[in-house]
Each structure stands twice: as C-alpha cells, then as structure tokens.
$ cat work33.cif   # mmCIF, C-alpha atoms
data_work
#
loop_
_atom_site.label_atom_id
_atom_site.label_comp_id
_atom_site.auth_asym_id
_atom_site.auth_seq_id
_atom_site.Cartn_x
_atom_site.Cartn_y
_atom_site.Cartn_z
CA MET P 97 102.94 87.00 42.49
CA SER P 98 99.89 87.61 44.64
CA THR P 99 96.33 87.49 43.34
CA ALA P 100 95.86 91.20 44.06
CA GLY P 101 98.87 92.07 41.90
CA LEU P 102 97.67 89.87 39.03
CA ILE P 103 94.20 91.45 39.17
CA ALA P 104 95.69 94.93 39.18
CA ILE P 105 97.75 94.08 36.06
CA ALA P 106 94.70 92.54 34.37
CA ALA P 107 92.64 95.66 35.10
CA SER P 108 95.32 97.92 33.67
CA ILE P 109 95.51 95.79 30.51
CA ALA P 110 91.72 96.06 30.16
CA VAL P 111 91.97 99.85 30.20
CA PHE P 112 94.25 99.65 27.11
CA CYS P 113 90.95 99.56 25.16
CA GLY P 114 91.14 103.34 25.44
CA ILE P 115 93.86 103.47 22.77
CA GLY P 116 91.50 102.25 20.05
CA ALA P 117 88.76 104.65 21.06
CA GLY P 118 91.15 107.59 21.21
CA ILE P 119 92.62 106.95 17.77
CA SER P 120 89.23 106.32 16.16
CA ILE P 121 87.55 109.41 17.63
CA GLY P 122 90.51 111.50 16.56
CA LEU P 123 90.33 110.15 13.01
CA ALA P 124 86.56 110.67 12.83
CA THR P 125 86.72 114.24 14.12
CA GLY P 126 89.62 115.09 11.81
CA LYS P 127 87.77 113.82 8.76
CA ALA P 128 84.60 115.60 9.86
CA THR P 129 86.46 118.91 10.17
CA GLU P 130 88.00 118.37 6.73
CA SER P 131 84.67 117.69 5.08
CA MET P 132 83.00 120.61 6.89
CA ALA P 133 85.70 122.93 5.55
CA ARG P 134 85.08 121.57 2.08
CA GLN P 135 81.27 121.74 2.26
CA PRO P 136 80.11 124.18 4.96
CA GLU P 137 76.47 123.87 3.84
CA ALA P 138 76.40 120.21 4.93
CA ALA P 139 77.82 121.01 8.37
CA SER P 140 74.73 120.02 10.39
CA ARG P 141 74.42 116.59 8.77
CA ILE P 142 78.15 115.96 9.16
CA GLN P 143 77.96 116.94 12.83
CA THR P 144 75.15 114.45 13.44
CA VAL P 145 77.07 111.60 11.86
CA THR P 146 80.26 112.54 13.71
CA ILE P 147 78.54 112.46 17.10
CA LEU P 148 77.03 109.09 16.23
CA GLY P 149 80.41 107.69 15.16
CA ALA P 150 82.21 109.09 18.19
CA ALA P 151 79.56 107.66 20.53
CA LEU P 152 79.84 104.22 18.96
CA ALA P 153 83.66 104.26 18.94
CA GLU P 154 83.76 105.42 22.52
CA ALA P 155 81.78 102.36 23.63
CA THR P 156 84.88 100.14 23.36
CA ALA P 157 86.80 102.31 25.82
CA ILE P 158 83.83 102.24 28.17
CA TYR P 159 83.64 98.44 28.00
CA GLY P 160 87.31 98.24 28.94
CA PHE P 161 86.77 100.60 31.84
CA VAL P 162 83.72 98.72 33.09
CA ILE P 163 85.55 95.38 32.87
CA ALA P 164 88.53 96.77 34.80
CA LEU P 165 86.21 98.17 37.44
CA ILE P 166 84.27 94.90 37.76
CA MET P 167 87.55 93.00 38.21
CA LEU P 168 88.72 95.33 40.96
CA LEU P 169 85.36 95.42 42.76
CA VAL P 170 84.80 91.67 42.53
CA TYR P 171 88.24 91.11 44.06
CA LYS P 172 87.33 93.54 46.82
CA GLY P 173 84.17 91.54 47.43
CA GLY P 174 86.36 88.60 48.44
CA ALA P 175 86.56 86.37 45.35
CA MET N 83 90.66 105.09 55.44
CA SER N 84 92.54 104.42 52.20
CA ILE N 85 91.69 106.04 48.87
CA GLY N 86 90.39 102.73 47.50
CA GLU N 87 87.95 102.30 50.36
CA ARG N 88 86.73 105.87 50.08
CA LEU N 89 86.15 105.43 46.33
CA THR N 90 84.31 102.14 46.77
CA GLU N 91 82.08 103.72 49.39
CA ALA N 92 81.43 106.73 47.15
CA ILE N 93 80.45 104.81 44.03
CA SER N 94 78.23 102.16 45.58
CA PRO N 95 74.57 103.17 46.09
CA ARG N 96 73.56 103.15 49.75
CA ASN N 97 70.34 101.72 51.18
CA LEU N 98 68.37 104.44 52.93
CA PHE N 99 65.15 102.78 54.10
CA ASP N 100 62.72 99.98 53.24
CA ILE N 101 59.08 100.26 52.22
CA ASN N 102 56.52 97.49 52.45
CA VAL N 103 54.65 96.67 49.24
CA PHE N 104 52.13 93.81 49.65
CA GLY N 105 54.31 92.13 52.27
CA PHE N 106 57.53 92.42 50.26
CA LYS N 107 60.30 94.59 51.64
CA VAL N 108 61.45 96.93 48.88
CA PRO N 109 64.79 98.61 49.65
CA VAL N 110 65.05 102.26 48.60
CA SER N 111 68.56 103.44 47.80
CA ASP N 112 69.84 107.01 47.66
CA THR N 113 69.84 106.95 43.82
CA VAL N 114 66.07 106.40 43.90
CA VAL N 115 65.54 109.26 46.35
CA ILE N 116 67.62 111.61 44.19
CA MET N 117 65.60 110.55 41.14
CA TRP N 118 62.42 111.44 43.07
CA ILE N 119 63.91 114.86 43.79
CA ILE N 120 64.74 115.38 40.10
CA MET N 121 61.26 114.25 39.04
CA ALA N 122 59.57 116.58 41.52
CA PHE N 123 61.75 119.45 40.36
CA LEU N 124 61.03 118.76 36.67
CA ILE N 125 57.27 118.50 37.21
CA LEU N 126 57.26 121.75 39.18
CA PHE N 127 59.48 123.38 36.57
CA ALA N 128 57.13 122.32 33.76
CA PHE N 129 54.06 123.63 35.62
CA ILE N 130 55.62 126.99 36.42
CA ILE N 131 57.16 127.54 33.00
CA THR N 132 53.96 126.79 31.02
CA ARG N 133 51.50 128.81 33.13
CA ASN N 134 49.42 131.46 31.30
CA MET N 135 51.18 131.20 27.95
CA LYS N 136 50.70 133.97 25.40
CA LEU N 137 50.81 134.13 21.61
CA VAL N 138 53.84 136.41 21.73
CA PRO N 139 56.33 134.71 24.05
CA GLU N 140 57.96 136.65 26.83
CA GLY N 141 60.07 135.86 29.87
CA LYS N 142 59.89 132.25 31.04
CA GLN N 143 57.87 131.19 28.02
CA ASN N 144 60.93 131.83 25.81
CA LEU N 145 62.87 129.19 27.77
CA ALA N 146 60.05 126.66 27.32
CA GLU N 147 59.91 127.33 23.58
CA VAL N 148 63.70 126.94 23.21
CA ILE N 149 63.60 123.53 24.95
CA VAL N 150 60.58 122.28 22.95
CA ASP N 151 62.05 123.57 19.69
CA PHE N 152 65.36 121.83 20.38
CA VAL N 153 63.67 118.47 21.04
CA ASN N 154 61.31 118.85 18.08
CA SER N 155 64.07 119.68 15.60
CA LEU N 156 66.18 116.77 16.88
CA CYS N 157 63.24 114.39 16.35
CA LYS N 158 62.28 115.89 12.98
CA SER N 159 65.74 115.59 11.53
CA ASN N 160 66.33 112.07 12.83
CA ILE N 161 62.99 110.26 12.78
CA GLY N 162 61.18 111.81 9.82
CA HIS N 163 57.45 112.04 9.27
CA SER N 164 56.22 110.18 12.39
CA TRP N 165 58.32 112.32 14.78
CA LYS N 166 55.29 113.64 16.65
CA LEU N 167 54.68 110.28 18.30
CA PHE N 168 58.14 110.14 19.89
CA ALA N 169 59.02 113.76 20.66
CA PRO N 170 57.38 113.82 24.16
CA TYR N 171 59.21 110.68 25.32
CA LEU N 172 62.58 111.79 23.96
CA GLY N 173 62.15 115.27 25.46
CA THR N 174 61.38 113.79 28.88
CA VAL N 175 64.39 111.50 28.72
CA ILE N 176 66.82 114.22 27.65
CA LEU N 177 65.65 116.58 30.41
CA PHE N 178 65.78 113.87 33.06
CA LEU N 179 69.20 112.58 32.02
CA ALA N 180 70.67 116.07 31.72
CA PHE N 181 69.62 116.88 35.28
CA ALA N 182 70.60 113.44 36.57
CA ASP N 183 74.10 113.67 35.10
CA MET N 184 74.71 117.24 36.23
CA ILE N 185 73.24 117.03 39.73
CA ALA N 186 76.66 116.45 41.33
CA ILE N 187 77.37 120.20 40.98
CA PHE N 188 74.63 120.84 43.59
CA ASN N 189 76.47 118.76 46.19
CA ILE N 190 77.20 121.86 48.27
CA ILE N 191 74.30 121.77 50.72
CA PRO N 192 75.25 120.97 54.34
CA ASN N 193 74.31 117.56 55.72
CA TRP N 194 71.50 117.00 58.24
CA GLU N 195 73.81 117.11 61.26
CA GLN N 196 75.07 120.59 60.33
CA LEU N 197 71.52 121.76 59.61
CA TYR N 198 70.50 120.53 63.07
CA ASP N 199 73.29 122.54 64.67
CA LEU N 200 72.02 125.62 62.83
CA THR N 201 68.28 125.27 63.37
CA HIS N 202 67.82 122.84 66.32
CA ILE N 203 64.89 121.10 64.67
CA GLU N 204 64.83 117.62 66.23
CA PHE N 205 63.33 116.03 63.10
CA LEU N 206 66.47 116.69 61.03
CA ARG N 207 68.61 114.39 63.20
CA HIS N 208 66.50 111.33 62.39
CA LEU N 209 66.66 111.65 58.60
CA PRO N 210 68.86 109.09 56.80
CA GLU N 211 72.10 110.54 55.48
CA LEU N 212 71.79 111.68 51.86
CA GLU N 213 74.52 112.98 49.59
CA ILE N 214 73.71 114.40 46.17
CA LYS N 215 75.51 112.21 43.63
CA PRO N 216 74.47 111.46 40.05
CA PRO N 217 71.92 108.60 40.07
CA THR N 218 73.19 107.44 36.67
CA ARG N 219 76.35 106.11 38.34
CA ASP N 220 74.14 103.18 39.43
CA ILE N 221 73.92 100.58 36.64
CA ASN N 222 70.33 99.72 37.61
CA VAL N 223 69.17 103.22 36.66
CA THR N 224 70.84 103.21 33.26
CA ALA N 225 69.64 99.66 32.59
CA ALA N 226 66.06 100.78 33.28
CA MET N 227 66.47 103.74 30.92
CA ALA N 228 67.91 101.47 28.19
CA ILE N 229 65.08 98.93 28.55
CA MET N 230 62.53 101.75 28.29
CA SER N 231 64.26 102.99 25.14
CA ILE N 232 64.23 99.61 23.43
CA ALA N 233 60.58 99.12 24.44
CA VAL N 234 59.76 102.44 22.76
CA VAL N 235 61.66 101.29 19.66
CA ALA N 236 59.68 98.03 19.46
CA ILE N 237 56.28 99.55 20.33
CA GLY N 238 56.84 102.48 17.96
CA GLY N 239 57.65 100.06 15.16
CA ILE N 240 54.47 98.07 15.87
CA ILE N 241 52.29 101.22 15.98
CA VAL N 242 53.68 102.86 12.86
CA LYS N 243 54.06 99.77 10.66
CA LYS N 244 51.16 97.67 12.06
CA PRO N 245 52.08 94.28 13.64
CA SER N 246 52.32 92.43 10.33
CA GLY N 247 54.60 95.02 8.77
CA TRP N 248 56.75 95.07 11.90
CA LEU N 249 57.19 91.29 11.81
CA LYS N 250 58.01 91.44 8.10
CA SER N 251 60.71 94.03 8.79
CA PHE N 252 62.73 91.34 10.55
CA LEU N 253 63.20 89.65 7.17
CA HIS N 254 63.49 92.85 5.23
CA PRO N 255 66.48 92.86 2.87
CA VAL N 256 67.15 89.09 2.97
CA PRO N 257 65.65 86.47 5.33
CA ILE N 258 69.11 85.34 6.47
CA ILE N 259 69.45 88.59 8.47
CA LEU N 260 66.75 87.45 10.99
CA PRO N 261 69.11 86.32 13.82
CA PHE N 262 71.02 89.58 13.66
CA LYS N 263 67.83 91.64 13.78
CA ILE N 264 66.74 89.73 16.89
CA LEU N 265 70.21 90.11 18.45
CA ASP N 266 69.95 93.87 17.84
CA TYR N 267 67.14 94.04 20.39
CA PHE N 268 69.53 92.73 23.06
CA ILE N 269 72.82 94.35 22.03
CA ARG N 270 71.42 97.86 21.66
CA PRO N 271 70.03 98.25 25.20
CA THR N 272 73.22 96.70 26.62
CA SER N 273 75.41 99.18 24.81
CA LEU N 274 73.14 102.14 25.67
CA CYS N 275 73.15 101.12 29.33
CA LEU N 276 76.90 100.52 29.62
CA ARG N 277 77.81 103.68 27.69
CA LEU N 278 75.88 105.99 29.98
CA PHE N 279 76.90 104.11 33.14
CA GLY N 280 80.59 103.94 32.25
CA ASN N 281 80.87 107.58 31.22
CA ILE N 282 79.13 108.97 34.28
CA LEU N 283 80.89 106.61 36.68
CA GLY N 284 84.27 107.42 35.13
CA ALA N 285 83.67 111.16 35.41
CA PHE N 286 82.40 110.68 38.96
CA ILE N 287 85.52 108.74 40.00
CA VAL N 288 87.81 111.37 38.49
CA MET N 289 85.93 114.11 40.35
CA GLU N 290 86.04 112.11 43.58
CA LEU N 291 89.83 111.70 43.19
CA ALA N 292 90.17 115.42 42.52
CA TYR N 293 88.25 116.22 45.70
CA ILE N 294 90.59 113.96 47.67
CA ALA N 295 93.83 115.18 46.09
CA PHE N 296 93.55 118.97 45.71
CA ALA N 297 90.64 120.03 47.81
CA PRO N 298 89.52 123.64 47.72
CA ILE N 299 89.65 125.38 44.30
CA PHE N 300 91.02 123.24 41.50
CA PRO N 301 88.16 120.64 41.37
CA GLY N 302 85.82 123.49 40.47
CA PHE N 303 87.50 123.91 37.10
CA LEU N 304 87.49 120.14 36.48
CA SER N 305 83.80 120.10 37.37
CA PHE N 306 82.98 122.22 34.31
CA TYR N 307 84.25 119.45 32.07
CA PHE N 308 83.44 116.29 33.99
CA ASP N 309 80.07 117.23 35.49
CA ILE N 310 78.52 119.72 33.08
CA PHE N 311 80.01 119.06 29.63
CA ASP N 312 80.30 115.30 29.93
CA GLY N 313 76.84 114.98 31.46
CA LEU N 314 75.16 117.05 28.76
CA ILE N 315 77.01 115.22 25.97
CA GLN N 316 76.04 111.82 27.36
CA ALA N 317 72.39 112.81 27.79
CA TYR N 318 72.38 114.06 24.19
CA VAL N 319 74.11 110.93 22.88
CA PHE N 320 71.62 108.66 24.70
CA VAL N 321 68.63 110.46 23.20
CA PHE N 322 70.30 110.75 19.81
CA LEU N 323 71.02 107.02 19.62
CA THR N 324 67.48 106.21 20.79
CA SER N 325 66.02 108.41 18.05
CA PHE N 326 68.38 106.77 15.55
CA TYR N 327 67.14 103.31 16.55
CA ILE N 328 63.52 104.51 16.41
CA ALA N 329 64.11 105.91 12.92
CA GLU N 330 65.48 102.56 11.81
CA SER N 331 62.48 100.70 13.22
CA VAL N 332 59.75 102.98 11.81
CA GLU N 333 61.14 103.80 8.37
#
$ encode --input "work33.cif" --output "structure tokens"
Amino acid sequence: MSTAGLIAIAASIAVFCGIGAGISIGLATGKATESMARQPEAASRIQTVTILGAALAEATAIYGFVIALIMLLVYKGGA
Amino acid sequence: MSIGERLTEAISPRNLFDINVFGFKVPVSDTVVIMWIIMAFLILFAFIITRNMKLVPEGKQNLAEVIVDFVNSLCKSNIGHSWKLFAPYLGTVILFLAFADMIAIFNIIPNWEQLYDLTHIEFLRHLPELEIKPPTRDINVTAAMAIMSIAVVAIGGIIVKKPSGWLKSFLHPVPIILPFKILDYFIRPTSLCLRLFGNILGAFIVMELAYIAFAPIFPGFLSFYFDIFDGLIQAYVFVFLTSFYIAESVE
C-alpha cells in the first residue's frame, strides 16, 4: 500500500474521536434537560454547567480533527 | 485544480506584504489585515454608539447597554466579587471573537480587479489580493488569544490575592498537587487555542466544500449554522472558559 493511502486511513481513524464527543455531549444535554424539567428555577445554573461540559467534551473531537488535518497537510508538504 | 489543492489554498494564510521594523522584515498575512479591519470597525462602533449618552436610554444607546449588561452579568455570575477588574477584557475578547468568527458572511464584496473595471481607479489594481475569511482559522491568532487569556488569569490572581497568596494557592488543598497546578498553566491555553482553531477551521472547510459542490443558493442556509451559530457559540465558550479559569484563580 502506498504512503498516501496509509496516511489517509490514519487520518480517518483519528477522526473516530468524534464518536466519544458525540455520545458525551448527547448524554450531558439529555441529563441537563431532565434536571431542568425537574427544577425549572435552577435552569440558568444548569445551562452554564452544560455549556462548560459540552465545551470540554467537544475538545476531544477537535483534537482528533486537528491531528487528522496535520497528518494530511504534513504529507502534502512532502514528508 | 483538484478539490484538495483548492482547500489547502483556502485554509492557509497568505502573505500580503512585508514591513520593516528596526531592520527586521516582518511578514503581514491576510489574517492580520482582517484583524486590523475588525479592530478599526469595533473602535469606530464603540465611539459612535457611546456618543452623547443620556440618563434615559434611547436608540443606539439601548444596544450599548444590552452588550454591557450581557458581559457584566456573565462576569458577575462566574467570577464573583472581583468581577469589575475583568469585565472590560472579557467584553473586548467576546466582541472581537464574535466578529472574527462571523466575518466570513461578509465575503460578498467584489475583488480589486472587478472594482477597477467598475471605477477605473488605477490605485486599485496595485493592491494585494484580499479575501475576507475568518482570521481565527489561523492557529497563530488563536494561540495569541489563549496566551493573553492565561496571562490575565495569572496576573488577576496576583493582583487579587497578592503575590504571596497567589504562590500559596499552588499548594492549596495538599502540597502534592503542585505539579498539576503548574501543568494547568500550560494545558489550559493549549486546549483553549486548539478548541477555537479546530471549530472555526472545521466550519470553514465545510463551508468551502459547500461552495464548491452546490454553488448558488444552498450554502446560504448552511452559513446560518456554520458561520453565525458556530462562531457565536465558540466566542461565548472561549470567554466563558476564560472567566471560569479566572474565577478559579481569584477565589
């Protein structure tokens, strides 16, 4: 197999990070909705914490994306 | 030209011209020029919107009060009693990032060549080519923003707690936590920088693909999500996380 093909497969594996981020943001938002329905008066605090959690969980997906991109661009640069 | 080449050309910042500073040649890329445009616009906007303010707000003053109230309530609820020290910085950053992330929707102006054909002003032909793309797709910009944020976290901690109290806070619950507290000062800017960069670059690549694939109308609908919504959310998240880190360092 050629180097380009191997790098393409490696980049696509790196993007699999997105699975974890998707599941975790879904869980966090679901729980937040549940707790907001139970206690509407605490909605603003719950919203704050949810955004924080989603932002932190999303970072893993972004790292995967950045790593995939770096692999592709570095190969393009002639490595 | 293949799609890959077009994408690579679109996402990499282009060198427009060089300026001489004390004998060093400093290259100026298009991201820097777009940031200058945003800064000039924001300064002008702030001057116009806060001219002859009245006790009872009307017209443009309402807009100014909404923005200031939003930033102040964000700082109050996250930072606590010393929020007044940090509200100006956080407000500046959220305004700048919101405009920087959303500026791709203004990429409708004709380029210099077309303007020359319309107006026949010779000067326009000699300007370097400039396309309006979000400057936050360049990792250098987001890294600078993240370093500024972590500097504000450290300096704010020193000002609020006094230097001795700030140094003691490294050993706060148990002394064994010291290496992790020091590592925090390197991990947090890295994650702030990569989060903003990755999100904006990802949205930018998707929009670029949409422009290539289905040109006239459909990208407009995608633009609502990828340019406006995503940009605003990421600007908010950046400022929110910065205020969260500040709260942790000054409490």
$ atom_distance --input "work33.cif" --atom1 "CA of Ala155 in chain P" --atom2 "CA of Phe306 in chain N"
22.6 Å
$ resolve_selection --input "work33.cif" --expression "the PyMOL selection byres ((chain N) within 12 of (chain P))" --output "number ranges by chain"
N: 86-87, 89-91, 93-94, 155-156, 159-160, 219, 221, 270, 272-285, 287, 315-327
$ resolve_selection --input "work33.cif" --expression "the PyMOL selection byres ((chain N and resi 144-147) around 12)" --output "list in words"
Phe127, Ala128, Phe129, Ile130, Ile131, Thr132, Arg133, Met135, Lys136, Leu137, Val138, Pro139, Glu140, Gly141, Lys142, Gln143, Val148, Ile149, Val150, Asp151, Phe152, Val153, Asn154, Ser155, Gly173 and Leu177 of chain N
$ residues_around --input "work33.cif" --residues "Gly149 in chain P" --least-positions-apart "3" --cutoff "10 Å" --atoms "all atoms listed in the file" --output "ChimeraX atom specification"
/P:120-121,124-125,143-146,152-154
$ closest_residue --input "work33.cif" --among "N:Asp309, N:Ile161, N:Ile101, N:Val332" --to "Val288 in chain N" --atoms "only C-alpha atoms"
N:Asp309
$ atom_distance --input "work33.cif" --atom1 "CA of Ser305 in chain N" --atom2 "CA of Pro216 in chain N"
13.0 Å
$ residues_around --input "work33.cif" --residues "Ala106 in chain P" --least-positions-apart "3" --cutoff "10 Å" --atoms "only C-alpha atoms" --output "MDAnalysis selection string"
chainID P and resid 100:103 109:111 163:164 167:168
$ decode --input "work33.cif" --residues "range 112-145 of chain N" --atoms "N, CA and C atoms" --output "tab-separated table (two decimals), in the first residue's frame"
chain	number	residue	atom	x	y	z
N	112	ASP	N	-2.82	37.89	5.48
N	112	ASP	CA	-4.16	38.44	5.30
N	112	ASP	C	-4.97	38.34	6.60
N	113	THR	N	-4.66	37.35	7.48
N	113	THR	CA	-5.38	37.28	8.75
N	113	THR	C	-5.14	38.54	9.58
N	114	VAL	N	-3.89	39.03	9.55
N	114	VAL	CA	-3.56	40.23	10.32
N	114	VAL	C	-4.31	41.44	9.78
N	115	VAL	N	-4.37	41.54	8.43
N	115	VAL	CA	-5.06	42.69	7.83
N	115	VAL	C	-6.54	42.65	8.18
N	116	ILE	N	-7.14	41.44	8.16
N	116	ILE	CA	-8.56	41.35	8.51
N	116	ILE	C	-8.78	41.69	9.98
N	117	MET	N	-7.82	41.30	10.83
N	117	MET	CA	-7.94	41.69	12.24
N	117	MET	C	-7.86	43.20	12.41
N	118	TRP	N	-7.01	43.87	11.60
N	118	TRP	CA	-6.96	45.34	11.66
N	118	TRP	C	-8.32	45.92	11.28
N	119	ILE	N	-8.94	45.33	10.23
N	119	ILE	CA	-10.24	45.83	9.80
N	119	ILE	C	-11.26	45.68	10.94
N	120	ILE	N	-11.25	44.51	11.59
N	120	ILE	CA	-12.21	44.28	12.67
N	120	ILE	C	-11.97	45.27	13.81
N	121	MET	N	-10.67	45.47	14.15
N	121	MET	CA	-10.35	46.39	15.24
N	121	MET	C	-10.82	47.80	14.92
N	122	ALA	N	-10.55	48.25	13.68
N	122	ALA	CA	-10.97	49.59	13.29
N	122	ALA	C	-12.48	49.71	13.37
N	123	PHE	N	-13.18	48.67	12.90
N	123	PHE	CA	-14.64	48.71	12.94
N	123	PHE	C	-15.14	48.77	14.38
N	124	LEU	N	-14.52	47.95	15.27
N	124	LEU	CA	-15.01	47.92	16.66
N	124	LEU	C	-14.75	49.24	17.37
N	125	ILE	N	-13.60	49.86	17.10
N	125	ILE	CA	-13.28	51.13	17.75
N	125	ILE	C	-14.27	52.19	17.30
N	126	LEU	N	-14.52	52.22	15.96
N	126	LEU	CA	-15.47	53.18	15.42
N	126	LEU	C	-16.86	52.96	15.99
N	127	PHE	N	-17.24	51.68	16.04
N	127	PHE	CA	-18.54	51.28	16.56
N	127	PHE	C	-18.71	51.76	18.01
N	128	ALA	N	-17.65	51.55	18.83
N	128	ALA	CA	-17.73	51.95	20.23
N	128	ALA	C	-17.85	53.46	20.36
N	129	PHE	N	-17.10	54.22	19.50
N	129	PHE	CA	-17.17	55.67	19.57
N	129	PHE	C	-18.56	56.17	19.20
N	130	ILE	N	-19.10	55.61	18.10
N	130	ILE	CA	-20.40	56.11	17.63
N	130	ILE	C	-21.50	55.77	18.62
N	131	ILE	N	-21.43	54.54	19.17
N	131	ILE	CA	-22.55	54.06	19.97
N	131	ILE	C	-22.59	54.72	21.34
N	132	THR	N	-21.45	55.25	21.84
N	132	THR	CA	-21.44	55.83	23.17
N	132	THR	C	-21.38	57.36	23.14
N	133	ARG	N	-21.65	57.98	21.97
N	133	ARG	CA	-21.64	59.44	21.93
N	133	ARG	C	-22.90	60.00	22.56
N	134	ASN	N	-22.81	61.16	23.14
N	134	ASN	CA	-23.83	61.84	23.95
N	134	ASN	C	-24.90	60.90	24.54
N	135	MET	N	-24.44	60.18	25.59
N	135	MET	CA	-25.33	59.26	26.28
N	135	MET	C	-26.26	60.04	27.21
N	136	LYS	N	-27.47	59.50	27.39
N	136	LYS	CA	-28.44	60.16	28.27
N	136	LYS	C	-28.81	59.23	29.41
N	137	LEU	N	-29.49	59.83	30.44
N	137	LEU	CA	-29.88	59.02	31.59
N	137	LEU	C	-30.95	58.01	31.18
N	138	VAL	N	-31.90	58.46	30.36
N	138	VAL	CA	-32.91	57.53	29.85
N	138	VAL	C	-32.45	57.08	28.46
N	139	PRO	N	-32.10	55.78	28.32
N	139	PRO	CA	-31.52	55.34	27.05
N	139	PRO	C	-32.52	55.38	25.92
N	140	GLU	N	-32.01	55.71	24.74
N	140	GLU	CA	-32.86	55.67	23.55
N	140	GLU	C	-31.99	55.35	22.35
N	141	GLY	N	-32.59	54.70	21.36
N	141	GLY	CA	-31.90	54.42	20.11
N	141	GLY	C	-30.66	53.57	20.29
N	142	LYS	N	-29.51	54.10	19.79
N	142	LYS	CA	-28.29	53.30	19.77
N	142	LYS	C	-27.77	53.01	21.17
N	143	GLN	N	-28.15	53.87	22.14
N	143	GLN	CA	-27.66	53.63	23.50
N	143	GLN	C	-28.22	52.34	24.07
N	144	ASN	N	-29.45	51.96	23.66
N	144	ASN	CA	-30.03	50.69	24.11
N	144	ASN	C	-29.13	49.52	23.75
N	145	LEU	N	-28.60	49.53	22.51
N	145	LEU	CA	-27.74	48.44	22.04
N	145	LEU	C	-26.49	48.35	22.91
